[in-house]
Each structure stands twice: as structure tokens, then as C-alpha cells.
file upload20.csv (CSV, C-alpha atoms (C1' of nucleotides))
chain,number,residue,atom,x,y,z
A,58,MET,CA,-95.4,184.2,106.3
A,59,GLY,CA,-93.1,182.6,108.8
A,60,PHE,CA,-90.7,181.3,106.2
A,61,ASP,CA,-87.2,182.0,107.3
A,62,TYR,CA,-85.1,181.8,104.2
A,63,SER,CA,-81.8,182.0,106.1
A,64,SER,CA,-82.5,178.8,108.0
A,65,ALA,CA,-83.8,176.9,104.9
A,66,LEU,CA,-82.0,173.7,104.1
A,67,THR,CA,-81.8,174.7,100.4
A,68,HIS,CA,-80.0,177.8,101.5
A,69,LEU,CA,-77.5,175.9,103.5
A,70,MET,CA,-77.1,173.4,100.6
A,71,GLY,CA,-76.4,176.2,98.1
A,72,HIS,CA,-73.9,177.6,100.5
A,73,VAL,CA,-72.0,174.3,100.7
A,74,MET,CA,-72.1,173.9,97.0
A,75,LYS,CA,-70.6,177.3,96.5
A,76,LEU,CA,-67.8,176.5,99.0
A,77,TYR,CA,-67.3,173.2,97.1
A,78,ARG,CA,-67.0,174.9,93.8
A,79,HIS,CA,-64.5,177.4,95.3
A,80,ASN,CA,-62.3,174.6,96.5
A,81,VAL,CA,-62.4,173.0,93.1
A,82,ASP,CA,-61.4,176.2,91.5
A,83,LEU,CA,-58.4,176.7,93.7
A,84,LEU,CA,-57.1,173.2,92.9
A,85,ILE,CA,-57.6,173.3,89.1
A,86,GLN,CA,-56.6,176.8,88.0
A,87,ALA,CA,-53.0,175.7,87.9
A,88,TYR,CA,-53.8,173.6,84.9
A,89,ASP,CA,-55.6,176.3,82.9
A,90,VAL,CA,-58.8,174.7,83.7
A,91,TYR,CA,-61.8,176.9,84.6
A,92,PRO,CA,-64.6,176.0,87.0
A,93,GLY,CA,-67.2,174.6,84.5
A,94,GLN,CA,-64.7,172.6,82.5
A,95,PRO,CA,-63.8,169.5,84.6
A,96,PRO,CA,-67.0,167.6,83.7
A,97,LEU,CA,-66.3,168.1,80.0
A,98,LEU,CA,-62.7,167.0,80.4
A,99,ILE,CA,-63.8,163.9,82.2
A,100,ARG,CA,-66.4,163.0,79.6
A,101,LEU,CA,-63.9,163.4,76.9
A,102,ALA,CA,-61.4,161.2,78.7
A,103,GLU,CA,-64.1,158.5,78.8
A,104,SER,CA,-64.8,158.8,75.1
A,105,ASP,CA,-62.9,161.1,72.8
A,106,GLY,CA,-64.4,162.7,69.7
A,107,GLN,CA,-68.0,163.1,70.8
A,108,ILE,CA,-70.1,165.7,69.1
A,109,GLN,CA,-71.1,168.9,70.9
A,110,GLN,CA,-74.8,168.1,71.2
A,111,GLU,CA,-74.0,164.8,72.9
A,112,LEU,CA,-71.6,166.4,75.3
A,113,ALA,CA,-74.1,169.2,76.1
A,114,ARG,CA,-76.7,166.5,76.9
A,115,LYS,CA,-74.3,164.7,79.2
A,116,LEU,CA,-73.4,167.9,81.1
A,117,THR,CA,-77.0,169.0,81.1
A,118,ILE,CA,-76.2,172.3,79.6
A,119,LYS,CA,-77.4,173.9,76.3
A,120,PRO,CA,-75.6,173.4,73.0
A,121,ALA,CA,-75.0,177.2,72.9
A,122,THR,CA,-73.2,177.1,76.2
A,123,MET,CA,-71.1,174.1,75.0
A,124,THR,CA,-70.0,176.0,71.9
A,125,VAL,CA,-68.7,178.9,73.9
A,126,MET,CA,-67.0,176.6,76.5
A,127,ILE,CA,-65.2,174.7,73.7
A,128,ASN,CA,-64.1,177.9,72.1
A,129,ARG,CA,-62.4,178.9,75.3
A,130,MET,CA,-60.8,175.5,75.8
A,131,VAL,CA,-59.5,175.5,72.2
A,132,LYS,CA,-58.0,178.8,73.0
A,133,THR,CA,-56.3,177.5,76.1
A,134,GLY,CA,-55.2,174.4,74.2
A,135,LEU,CA,-57.1,171.8,76.2
A,136,VAL,CA,-59.2,170.4,73.3
A,137,GLU,CA,-59.5,170.6,69.6
A,138,ARG,CA,-62.4,170.4,67.1
A,139,ARG,CA,-62.3,168.2,64.0
A,140,ASN,CA,-64.9,168.0,61.3
A,141,ASP,CA,-66.8,164.9,60.7
A,142,PRO,CA,-66.3,163.8,57.0
A,143,GLN,CA,-69.7,162.0,57.1
A,144,ASP,CA,-71.7,164.9,58.4
A,145,GLN,CA,-70.5,168.5,57.8
A,146,ARG,CA,-72.9,169.9,60.4
A,147,VAL,CA,-71.3,168.3,63.4
A,148,SER,CA,-67.9,169.0,64.9
A,149,ARG,CA,-66.2,166.4,67.0
A,150,VAL,CA,-64.2,167.3,70.1
A,151,PHE,CA,-60.9,165.7,71.1
A,152,LEU,CA,-58.6,166.2,74.0
A,153,THR,CA,-55.1,167.5,73.3
A,154,GLU,CA,-52.1,166.1,75.1
A,155,LYS,CA,-52.4,169.1,77.5
A,156,GLY,CA,-56.0,168.3,78.0
A,157,ARG,CA,-55.3,164.7,78.8
A,158,ARG,CA,-52.7,165.7,81.4
A,159,ALA,CA,-55.2,168.3,82.8
A,160,GLU,CA,-57.9,165.7,83.0
A,161,LYS,CA,-55.8,163.4,85.1
A,162,ALA,CA,-54.9,166.1,87.5
A,163,VAL,CA,-58.4,167.5,87.7
A,164,ARG,CA,-60.0,164.1,88.4
A,165,GLU,CA,-57.5,163.5,91.1
A,166,ALA,CA,-58.3,166.9,92.6
A,167,LEU,CA,-62.0,166.1,92.5
A,168,ARG,CA,-61.4,162.8,94.1
A,169,GLU,CA,-59.4,164.4,96.9
A,170,ILE,CA,-62.2,167.0,97.6
A,171,GLU,CA,-64.8,164.3,97.5
A,172,GLU,CA,-62.9,162.4,100.1
A,173,THR,CA,-62.7,165.5,102.3
A,174,CYS,CA,-66.4,166.2,101.9
A,175,PHE,CA,-67.4,162.9,103.2
A,176,ALA,CA,-64.5,162.0,105.4
A,177,HIS,CA,-66.7,162.1,108.5
A,178,PHE,CA,-69.7,160.3,107.0
A,179,THR,CA,-70.3,156.7,108.0
A,180,PRO,CA,-71.1,154.4,105.1
A,181,GLU,CA,-74.7,154.4,106.2
A,182,GLU,CA,-74.8,158.2,106.2
A,183,LYS,CA,-73.5,158.3,102.7
A,184,VAL,CA,-76.1,155.9,101.5
A,185,LEU,CA,-78.8,157.9,103.3
A,186,PHE,CA,-77.5,161.1,102.0
A,187,ARG,CA,-77.7,159.8,98.4
A,188,ARG,CA,-81.2,158.6,99.0
A,189,LEU,CA,-82.3,161.9,100.4
A,190,LEU,CA,-80.8,163.8,97.4
A,191,LEU,CA,-82.5,161.5,95.0
A,192,GLN,CA,-85.8,162.1,96.9
A,193,MET,CA,-85.3,165.8,96.5
A,194,HIS,CA,-84.6,165.4,92.8
A,195,THR,CA,-87.7,163.3,92.3
A,196,ASP,CA,-89.9,165.8,94.0
A,197,LEU,CA,-88.4,168.8,92.2
A,198,GLU,CA,-88.9,167.2,88.9
A,199,GLU,CA,-92.5,166.4,89.9
A,200,LEU,CA,-93.1,170.0,90.8
A,201,GLN,CA,-91.6,171.2,87.6
A,202,SER,CA,-93.6,168.9,85.4
A,203,SER,CA,-96.8,169.6,87.2
A,204,ARG,CA,-96.3,173.3,86.7
A,205,HIS,CA,-95.5,172.6,83.1
A,206,ALA,CA,-98.7,170.6,82.7
A,207,SER,CA,-100.8,173.3,84.2
A,208,ALA,CA,-99.2,175.8,81.8
A,209,GLU,CA,-100.0,173.6,78.9
A,210,ILE,CA,-103.6,173.5,80.0
A,211,CYS,CA,-103.7,177.3,80.2
A,212,LYS,CA,-102.3,177.5,76.7
A,213,GLU,CA,-104.9,175.1,75.3
A,214,ARG,CA,-107.6,177.2,76.9
A,215,PHE,CA,-106.4,180.2,74.8
A,216,GLU,CA,-106.3,178.4,71.5
B,64,MET,CA,-57.7,156.3,89.2
B,65,GLY,CA,-61.0,154.6,90.0
B,66,PHE,CA,-62.7,157.8,90.8
B,67,ASP,CA,-66.0,157.8,89.0
B,68,TYR,CA,-67.1,161.4,88.9
B,69,SER,CA,-70.5,160.6,87.6
B,70,SER,CA,-71.4,158.7,90.7
B,71,ALA,CA,-69.9,161.2,93.1
B,72,LEU,CA,-72.2,162.6,95.7
B,73,THR,CA,-71.1,166.1,95.0
B,74,HIS,CA,-72.1,165.6,91.4
B,75,LEU,CA,-75.5,164.5,92.4
B,76,MET,CA,-75.8,167.4,94.8
B,77,GLY,CA,-74.8,169.9,92.1
B,78,HIS,CA,-77.4,168.4,89.8
B,79,VAL,CA,-80.1,168.7,92.5
B,80,MET,CA,-79.2,172.3,93.2
B,81,LYS,CA,-79.4,173.2,89.5
B,82,LEU,CA,-82.8,171.7,89.3
B,83,TYR,CA,-83.8,173.7,92.4
B,84,ARG,CA,-82.6,176.9,90.9
B,85,HIS,CA,-84.5,176.2,87.7
B,86,ASN,CA,-87.7,175.7,89.7
B,87,VAL,CA,-87.1,178.9,91.5
B,88,ASP,CA,-86.6,180.8,88.3
B,89,LEU,CA,-89.8,179.5,86.8
B,90,LEU,CA,-91.8,180.8,89.8
B,91,ILE,CA,-90.2,184.2,90.2
B,92,GLN,CA,-89.8,185.5,86.7
B,93,ALA,CA,-93.4,186.7,86.6
B,94,TYR,CA,-92.3,189.4,89.1
B,95,ASP,CA,-89.4,190.7,87.1
B,96,VAL,CA,-87.1,189.0,89.6
B,97,TYR,CA,-84.0,187.2,88.3
B,98,PRO,CA,-82.4,184.1,89.8
B,99,GLY,CA,-79.8,185.8,92.0
B,100,GLN,CA,-82.1,188.4,93.4
B,101,PRO,CA,-84.4,186.7,95.9
B,102,PRO,CA,-81.8,186.7,98.7
B,103,LEU,CA,-81.3,190.4,98.3
B,104,LEU,CA,-85.0,191.1,98.3
B,105,ILE,CA,-85.4,189.1,101.5
B,106,ARG,CA,-82.5,190.7,103.2
B,107,LEU,CA,-83.9,194.1,102.4
B,108,ALA,CA,-87.3,193.2,103.6
B,109,GLU,CA,-85.7,192.3,106.9
B,110,SER,CA,-84.0,195.6,107.1
B,111,ASP,CA,-84.3,198.4,104.6
B,112,GLY,CA,-81.6,200.9,103.8
B,113,GLN,CA,-78.5,198.8,104.3
B,114,ILE,CA,-75.3,199.7,102.6
B,115,GLN,CA,-74.0,197.6,99.7
B,116,GLN,CA,-71.0,196.2,101.4
B,117,GLU,CA,-73.1,194.9,104.3
B,118,LEU,CA,-75.5,193.3,101.8
B,119,ALA,CA,-72.7,191.7,99.9
B,120,ARG,CA,-71.3,190.3,103.1
B,121,LYS,CA,-74.7,188.8,104.0
B,122,LEU,CA,-75.2,187.2,100.5
B,123,THR,CA,-71.5,186.1,100.5
B,124,ILE,CA,-70.9,187.8,97.2
B,125,LYS,CA,-68.3,190.4,96.3
B,126,PRO,CA,-69.2,194.2,96.5
B,127,ALA,CA,-68.5,194.5,92.7
B,128,THR,CA,-71.2,191.8,92.1
B,129,MET,CA,-73.6,193.6,94.4
B,130,THR,CA,-73.1,196.9,92.5
B,131,VAL,CA,-74.1,195.3,89.2
B,132,MET,CA,-77.0,193.4,90.7
B,133,ILE,CA,-78.4,196.6,92.2
B,134,ASN,CA,-78.0,198.5,89.0
B,135,ARG,CA,-80.2,195.9,87.3
B,136,MET,CA,-82.8,195.9,90.1
B,137,VAL,CA,-82.9,199.7,90.0
B,138,LYS,CA,-83.6,199.4,86.2
B,139,THR,CA,-86.4,196.9,86.8
B,140,GLY,CA,-87.8,199.2,89.6
B,141,LEU,CA,-87.4,196.7,92.5
B,142,VAL,CA,-85.0,198.8,94.6
B,143,GLU,CA,-83.6,202.3,94.8
B,144,ARG,CA,-80.4,203.9,96.0
B,145,ARG,CA,-80.2,206.8,98.4
B,146,ASN,CA,-77.1,208.7,99.4
B,147,ASP,CA,-76.1,208.7,103.1
B,148,PRO,CA,-75.7,212.3,104.2
B,149,GLN,CA,-73.3,211.3,106.9
B,150,ASP,CA,-70.9,209.4,104.6
B,151,GLN,CA,-70.8,210.3,100.9
B,152,ARG,CA,-69.0,207.1,100.0
B,153,VAL,CA,-71.8,204.7,100.8
B,154,SER,CA,-75.1,204.3,99.1
B,155,ARG,CA,-78.1,202.8,101.0
B,156,VAL,CA,-80.5,200.5,99.2
B,157,PHE,CA,-84.2,200.5,99.7
B,158,LEU,CA,-87.1,198.4,98.4
B,159,THR,CA,-89.6,200.1,96.2
B,160,GLU,CA,-93.3,199.3,96.5
B,161,LYS,CA,-92.9,196.9,93.6
B,162,GLY,CA,-89.9,195.4,95.3
B,163,ARG,CA,-91.9,194.9,98.5
B,164,ARG,CA,-94.7,193.1,96.6
B,165,ALA,CA,-92.1,191.0,94.7
B,166,GLU,CA,-90.4,190.0,98.0
B,167,LYS,CA,-93.7,188.7,99.4
B,168,ALA,CA,-94.4,186.6,96.3
B,169,VAL,CA,-90.8,185.4,96.0
B,170,ARG,CA,-90.6,184.3,99.6
B,171,GLU,CA,-93.8,182.5,99.3
B,172,ALA,CA,-92.5,180.7,96.2
B,173,LEU,CA,-89.3,179.7,98.0
B,174,ARG,CA,-91.4,178.4,100.9
B,175,GLU,CA,-93.4,176.3,98.5
B,176,ILE,CA,-90.4,174.9,96.8
B,177,GLU,CA,-88.7,174.2,100.1
B,178,GLU,CA,-91.8,172.3,101.2
B,179,THR,CA,-91.8,170.2,98.1
B,180,CYS,CA,-88.1,169.4,98.4
B,181,PHE,CA,-88.5,168.0,101.9
B,182,ALA,CA,-92.0,166.8,101.7
B,183,HIS,CA,-91.0,163.2,102.0
B,184,PHE,CA,-88.3,163.7,104.7
B,185,THR,CA,-89.1,162.6,108.2
B,186,PRO,CA,-88.2,165.2,110.9
B,187,GLU,CA,-85.3,163.0,111.8
B,188,GLU,CA,-84.1,163.0,108.3
B,189,LYS,CA,-84.2,166.7,108.0
B,190,VAL,CA,-82.2,167.1,111.2
B,191,LEU,CA,-79.7,164.6,109.9
B,192,PHE,CA,-79.5,166.2,106.5
B,193,ARG,CA,-78.7,169.5,108.1
B,194,ARG,CA,-76.1,167.9,110.3
B,195,LEU,CA,-74.4,166.3,107.3
B,196,LEU,CA,-74.4,169.5,105.3
B,197,LEU,CA,-72.8,171.3,108.2
B,198,GLN,CA,-70.2,168.5,108.4
B,199,MET,CA,-69.4,169.0,104.8
B,200,HIS,CA,-69.1,172.7,105.2
B,201,THR,CA,-66.7,172.3,108.1
B,202,ASP,CA,-64.5,169.9,106.3
B,203,LEU,CA,-64.5,172.1,103.1
B,204,GLU,CA,-63.5,175.1,105.1
B,205,GLU,CA,-60.8,173.2,106.8
B,206,LEU,CA,-59.4,172.0,103.4
B,207,GLN,CA,-59.5,175.5,102.1
B,208,SER,CA,-57.7,177.1,105.0
B,209,SER,CA,-55.1,174.3,105.1
B,210,ARG,CA,-54.3,174.9,101.5
B,211,HIS,CA,-54.2,178.6,102.2
B,212,ALA,CA,-51.8,178.0,105.0
B,213,SER,CA,-49.4,175.9,102.9
B,214,ALA,CA,-49.6,178.6,100.1
B,215,GLU,CA,-48.5,181.2,102.7
B,216,ILE,CA,-45.5,179.0,103.7
B,217,CYS,CA,-44.6,178.7,100.0
B,218,LYS,CA,-44.7,182.4,99.7
B,219,GLU,CA,-42.6,183.0,102.7
B,220,ARG,CA,-40.0,180.7,101.3
B,221,PHE,CA,-39.6,182.9,98.3
B,222,GLU,CA,-39.2,186.2,100.1
C,23,DT,C1',-85.4,166.7,41.4
C,24,DC,C1',-86.2,170.4,44.3
C,25,DA,C1',-88.5,172.7,48.1
C,26,DA,C1',-89.6,172.3,52.9
C,27,DT,C1',-88.3,170.6,57.2
C,28,DT,C1',-85.3,169.0,60.6
C,29,DT,C1',-80.9,169.1,62.9
C,30,DC,C1',-76.3,170.8,64.7
C,31,DA,C1',-73.8,174.7,65.5
C,32,DT,C1',-73.0,179.6,66.1
C,33,DT,C1',-73.9,184.5,67.4
C,34,DA,C1',-75.8,188.2,70.1
C,35,DG,C1',-77.5,189.7,74.2
C,36,DT,C1',-78.7,188.9,79.2
C,37,DC,C1',-78.0,187.6,84.3
C,38,DG,C1',-74.7,185.9,88.2
C,39,DG,C1',-70.3,185.3,89.8
C,40,DC,C1',-65.3,186.6,90.0
C,41,DT,C1',-60.7,189.6,89.9
C,42,DA,C1',-58.1,193.7,89.2
C,43,DA,C1',-57.8,198.3,88.8
C,44,DA,C1',-59.5,203.0,89.4
C,45,DC,C1',-62.0,206.6,91.7
C,46,DG,C1',-63.8,209.5,95.3
C,47,DA,C1',-64.7,210.4,100.0
C,48,DA,C1',-63.3,210.0,105.0
C,49,DG,C1',-59.7,209.8,108.4
C,50,DG,C1',-55.2,210.1,110.5
C,51,DG,C1',-50.6,211.5,111.4
C,52,DA,C1',-46.8,214.5,110.9
D,190,DT,C1',-52.8,221.9,106.9
D,191,DC,C1',-51.6,218.4,103.7
D,192,DC,C1',-50.3,214.0,102.4
D,193,DC,C1',-51.2,209.3,102.9
D,194,DT,C1',-53.9,205.5,103.9
D,195,DT,C1',-58.2,203.3,104.3
D,196,DC,C1',-62.7,202.4,102.8
D,197,DG,C1',-67.0,201.9,99.8
D,198,DT,C1',-68.1,201.8,95.2
D,199,DT,C1',-67.6,201.5,90.4
D,200,DT,C1',-65.7,199.9,85.9
D,201,DA,C1',-63.8,196.6,82.7
D,202,DG,C1',-63.1,192.2,81.5
D,203,DC,C1',-63.4,187.3,82.2
D,204,DC,C1',-66.1,182.5,82.8
D,205,DG,C1',-70.7,179.8,83.1
D,206,DA,C1',-75.4,179.6,82.2
D,207,DC,C1',-79.5,180.9,79.5
D,208,DT,C1',-82.8,182.3,75.4
D,209,DA,C1',-83.7,183.7,70.8
D,210,DA,C1',-82.4,184.2,66.3
D,211,DT,C1',-79.5,182.8,62.4
D,212,DG,C1',-76.7,179.9,59.4
D,213,DA,C1',-75.6,175.8,57.1
D,214,DA,C1',-75.8,171.0,56.2
D,215,DA,C1',-78.7,166.8,55.9
D,216,DT,C1',-83.1,164.6,55.3
D,217,DT,C1',-87.7,164.2,53.8
D,218,DG,C1',-91.4,164.3,50.7
D,219,DA,C1',-94.1,165.7,47.0

call {"tool": "encode", "arguments": {"input": "upload20.csv", "output": "C-alpha cells"}}
result
Amino acid sequence: MGFDYSSALTHLMGHVMKLYRHNVDLLIQAYDVYPGQPPLLIRLAESDGQIQQELARKLTIKPATMTVMINRMVKTGLVERRNDPQDQRVSRVFLTEKGRRAEKAVREALREIEETCFAHFTPEEKVLFRRLLLQMHTDLEELQSSRHASAEICKERFE
Amino acid sequence: MGFDYSSALTHLMGHVMKLYRHNVDLLIQAYDVYPGQPPLLIRLAESDGQIQQELARKLTIKPATMTVMINRMVKTGLVERRNDPQDQRVSRVFLTEKGRRAEKAVREALREIEETCFAHFTPEEKVLFRRLLLQMHTDLEELQSSRHASAEICKERFE
DNA sequence: TCAATTTCATTAGTCGGCTAAACGAAGGGA
DNA sequence: TCCCTTCGTTTAGCCGACTAATGAAATTGA
């Protein structure tokens, strides 16, 4: 009973993340970059010509999502696909010149927003904040895998 | 330059929120409830028969999004629309019996996950965590409105 | 060598969010 | 009264994420 969702910390956290994303959007749309694309641009700038599966793994999204995202970014001219002569299954993704320029601007925008977000945090608070987030992450993964495990047991029972 | 997006706190925070949402999904899908719907169910349980605009305001989503969400929930039998005899423009939204049962289960699931998230936080850490999130929220809103203001000035200059 | 399996990518269909434009009802002013 | 505006909702179309099913190339094994 007495669980007040409105005052939950996760609720507040989701709210802040939404506001964060909105701020990012406002700053990047001038470069033909859409909200989900900054991480991909940044990963490509770190290492051009990666294959889609690897990129999907790094962004923690599914390969199918990556395919669609890249299609759109090809259309807006930020990236291009090239076939790998060694393996015809894979396609390697490269930044175009426009993509390279966009990446610089977008990373600068992210830096600026990051700075704003934590402008009033003391160094100790930032360290603590990170530790708390990592703690949440650990416990959520634990919860997920424990549920997964019990589902497996259920499955076994029916086989 | 030296902005390493991968080690940004916002990046970590987004990652944790994604994991959170995934955990929620796993627990609620048994009740025909989809990821965005729990907040709506909970708001309706607090006060049945609200109009869509009011609900959209409370969930901080756009009325158009609310229309589509409610269409789906009507289809899965969680809620129903009724016309307001006083004002033919609005439609009031009510929980069905199934919706009421789902709301109870979903809120319990959210409570459980919330508990897991913060199981290893001391009371002081929870208080601090909330304060830090609110600080971020304040600064992000400030950033957004300042940019809005400068955009207005730009606009004026061209008129 | 050739069939079976694995692997990477794509397509189709769904949900959640948005904007822009349209539509219908309610209200207000001349 | 009638037109104009405002207001709530809806529709269409886009991006981001997912799953499930399919396609096509590479690899494995008999």
C-alpha cells in the first residue's frame, strides 16, 4: 500500500533525465543530429569504421535499432556505410565530413550541459553521486538476474 | 576537447535509468501493462475520471501522446473513455476493473523495485541523493530558460 | 564437398515520445 | 445572431527503442 509513486526517487530521477534529454535536443538539432545519435557520433569519432554489431553493443541497443538509426543518419549525411571486402555480411560505418563537424559541436554541447548539471556539486558530492548510481546499477542487475534465474527454474520444471 | 562522454555522470545516470525501466517492464508485462502506462494507471487510481489534458499535464507528456496511449489502453481493456455531458470537447478517462487490478499490481512492483534500488542507501544518502537531483533539475531548467530567452532576443532582432 | 549451423544485417510491427496541422465544440464580441 | 477565437482532442508523420522473423554470407562438420 503506502507507496507514493510521485515522491519516489526513481520518479524524480526519470524527470531529471527527461529534462536533460530535452536540453540536449535543443542544442544539437541545429546540426541535423537527433536525440539518440550523439553517442553513435562520439563512438565513431573515437574509432571510425566499426561494424554495426559492435556499435550496438557499445551503445547498449539492439542491432535492429542500430540499422534503422544508421539508415537515418545516412539520409541526413552524417555517416556512410562501406562493405567489408573480407566479410560480406558486415557493413562498416564511417563519419562523413559533416558528421565529423557535427560530432565536435555535439560533444561540446554535451560538455556544456554536463558542466551545468553539476555546477553546484562539490567534488565530494560528485564522487558520492557516482558511487550511489553505481550502487543502484549493481542492485538493479542483481534483481534482474535473480528474476531471470527463477524464470529459468520455472522453465526447467516444465520440461 | 577533453570531454570524455563515456565517463560523464549523465551517461551513467541514463544507463541506470534504462536498466530501471527494463526491470519495470519485466514485472508489469504480465498485466498487459506497457512501459509508459504505470504513471497513468497510478494517477487514475488517485482520481478517476480526469480529462486527458489534465492527465497529460501530470505525466508531463503532450496531449497528442496521451490520446494515443489511451487508445491502446482502451484496446487492452485497462481504461475507458466517457463523454462529459457538460462539455462535448473533453473526454474523461476511467479505470476498468482490470485496470484497477493492474494498478495495484503495478504499484506494488514499482515499490519493490524502488526498495531494491535504494536498499543499500543510508537515510542520509537518500536525502542527499534527492537534494542533488533537485539541484540538477534547477540548473537544467535555468539553462533551458536562459537559452529560450536568448532565442527570443534573436527573434526580436529579426522583426 | 555439401548440408547444417552460426552470425550479421534487415524488415515488419509495436510502444513511447514529439511536432504540426486539422477538427469540432465552447465562448465572446460586435 | 454570427463570426472569430480559444480550447480539447485527434491524426499524420517522425525519431528511438524493442521483438520476431527473414535473408544472406561465413563457418563448421560429417

call {"tool": "closest_residue", "arguments": {"input": "upload20.csv", "among": "B:Glu187, B:Lys125, B:Arg193, B:Gln207", "to": "DT41 in chain C", "atoms": "all atoms listed in the file"}}
result
B:Lys125

call {"tool": "atom_distance", "arguments": {"input": "upload20.csv", "atom1": "CA of Leu84 in chain A", "atom2": "CA of Val163 in chain A"}}
result
7.8 Å

call {"tool": "interface_residues", "arguments": {"input": "upload20.csv", "of": "chain A", "to": "chain D", "cutoff": "8 Å", "atoms": "only C-alpha atoms (C1' of nucleotides)", "output": "list in words"}}
result
Tyr91, Pro92, Gly93, Ile118, Lys119, Thr122, Asp144, Gln145 and Arg146 of chain A

call {"tool": "write_last_selection", "arguments": {"input": "upload20.csv", "atoms": "C-alpha atoms", "output": "compact mmCIF listing (two decimals), in the coordinates of the input"}}
result
# COMPACT_ATOMS: atom_id res chain seq x y z
CA TYR A 91 -61.80 176.90 84.60
CA PRO A 92 -64.60 176.00 87.00
CA GLY A 93 -67.20 174.60 84.50
CA ILE A 118 -76.20 172.30 79.60
CA LYS A 119 -77.40 173.90 76.30
CA THR A 122 -73.20 177.10 76.20
CA ASP A 144 -71.70 164.90 58.40
CA GLN A 145 -70.50 168.50 57.80
CA ARG A 146 -72.90 169.90 60.40

call {"tool": "atom_distance", "arguments": {"input": "upload20.csv", "atom1": "CA of Ser148 in chain A", "atom2": "CA of Ile108 in chain A"}}
result
5.8 Å

call {"tool": "residues_near_point", "arguments": {"input": "upload20.csv", "point": "(-76.7, 171.7, 105.3)", "cutoff": "8 Å", "atoms": "all atoms listed in the file", "output": "list in words"}}
result
Leu66, Thr67, His68, Leu69, Met70 and Val73 of chain A; Phe192, Arg193, Arg194, Leu195, Leu196, Leu197, Gln198, Met199 and His200 of chain B

call {"tool": "closest_atom_pairs", "arguments": {"input": "upload20.csv", "of": "chain A", "to": "chain C", "cutoff": "9 Å", "atoms": "all atoms listed in the file", "output": "CSV"}}
result
residue,atom,partner,partner_atom,distance
A:Gln109,CA,C:DC30,C1',8.3
A:Gln110,CA,C:DC30,C1',7.2
A:Pro120,CA,C:DA31,C1',7.8
A:Ala121,CA,C:DT32,C1',7.5
A:Thr124,CA,C:DT32,C1',7.5
A:Val125,CA,C:DT32,C1',8.9
A:Arg146,CA,C:DC30,C1',5.6
A:Val147,CA,C:DC30,C1',5.7
A:Ser148,CA,C:DA31,C1',8.2

call {"tool": "atom_distance", "arguments": {"input": "upload20.csv", "atom1": "CA of Glu137 in chain A", "atom2": "CA of Arg158 in chain A"}}
result
14.5 Å

call {"tool": "residues_around", "arguments": {"input": "upload20.csv", "residues": "range 178-180 of chain B", "least_positions_apart": "4", "cutoff": "7 Å", "atoms": "all atoms listed in the file", "output": "ChimeraX atom specification"}}
result
/A:193,196-197 /B:174

call {"tool": "closest_residue", "arguments": {"input": "upload20.csv", "among": "B:Thr139, B:Leu158, B:Lys121, B:Gly112", "to": "chain A", "atoms": "only C-alpha atoms"}}
result
B:Lys121

call {"tool": "closest_residue", "arguments": {"input": "upload20.csv", "among": "B:Ala119, B:Ala172, B:Leu82, B:Met129", "to": "chain A", "atoms": "all atoms listed in the file"}}
result
B:Leu82

call {"tool": "residues_around", "arguments": {"input": "upload20.csv", "residues": "Leu83 in chain A", "least_positions_apart": "3", "cutoff": "12 Å", "atoms": "all atoms listed in the file", "output": "tab-separated table (two decimals) with C-alpha atoms, in the frame of the given file"}}
result
chain	number	residue	atom	x	y	z
A	76	LEU	CA	-67.80	176.50	99.00
A	77	TYR	CA	-67.30	173.20	97.10
A	78	ARG	CA	-67.00	174.90	93.80
A	79	HIS	CA	-64.50	177.40	95.30
A	80	ASN	CA	-62.30	174.60	96.50
A	86	GLN	CA	-56.60	176.80	88.00
A	87	ALA	CA	-53.00	175.70	87.90
A	88	TYR	CA	-53.80	173.60	84.90
A	89	ASP	CA	-55.60	176.30	82.90
A	90	VAL	CA	-58.80	174.70	83.70
A	91	TYR	CA	-61.80	176.90	84.60
A	92	PRO	CA	-64.60	176.00	87.00
A	163	VAL	CA	-58.40	167.50	87.70
A	166	ALA	CA	-58.30	166.90	92.60
A	167	LEU	CA	-62.00	166.10	92.50
A	170	ILE	CA	-62.20	167.00	97.60
B	206	LEU	CA	-59.40	172.00	103.40
B	207	GLN	CA	-59.50	175.50	102.10
B	208	SER	CA	-57.70	177.10	105.00
B	210	ARG	CA	-54.30	174.90	101.50
B	211	HIS	CA	-54.20	178.60	102.20
B	214	ALA	CA	-49.60	178.60	100.10

call {"tool": "closest_residue", "arguments": {"input": "upload20.csv", "among": "A:Lys132, A:Arg139, A:Arg149, A:His72", "to": "chain B", "atoms": "all atoms listed in the file"}}
result
A:His72
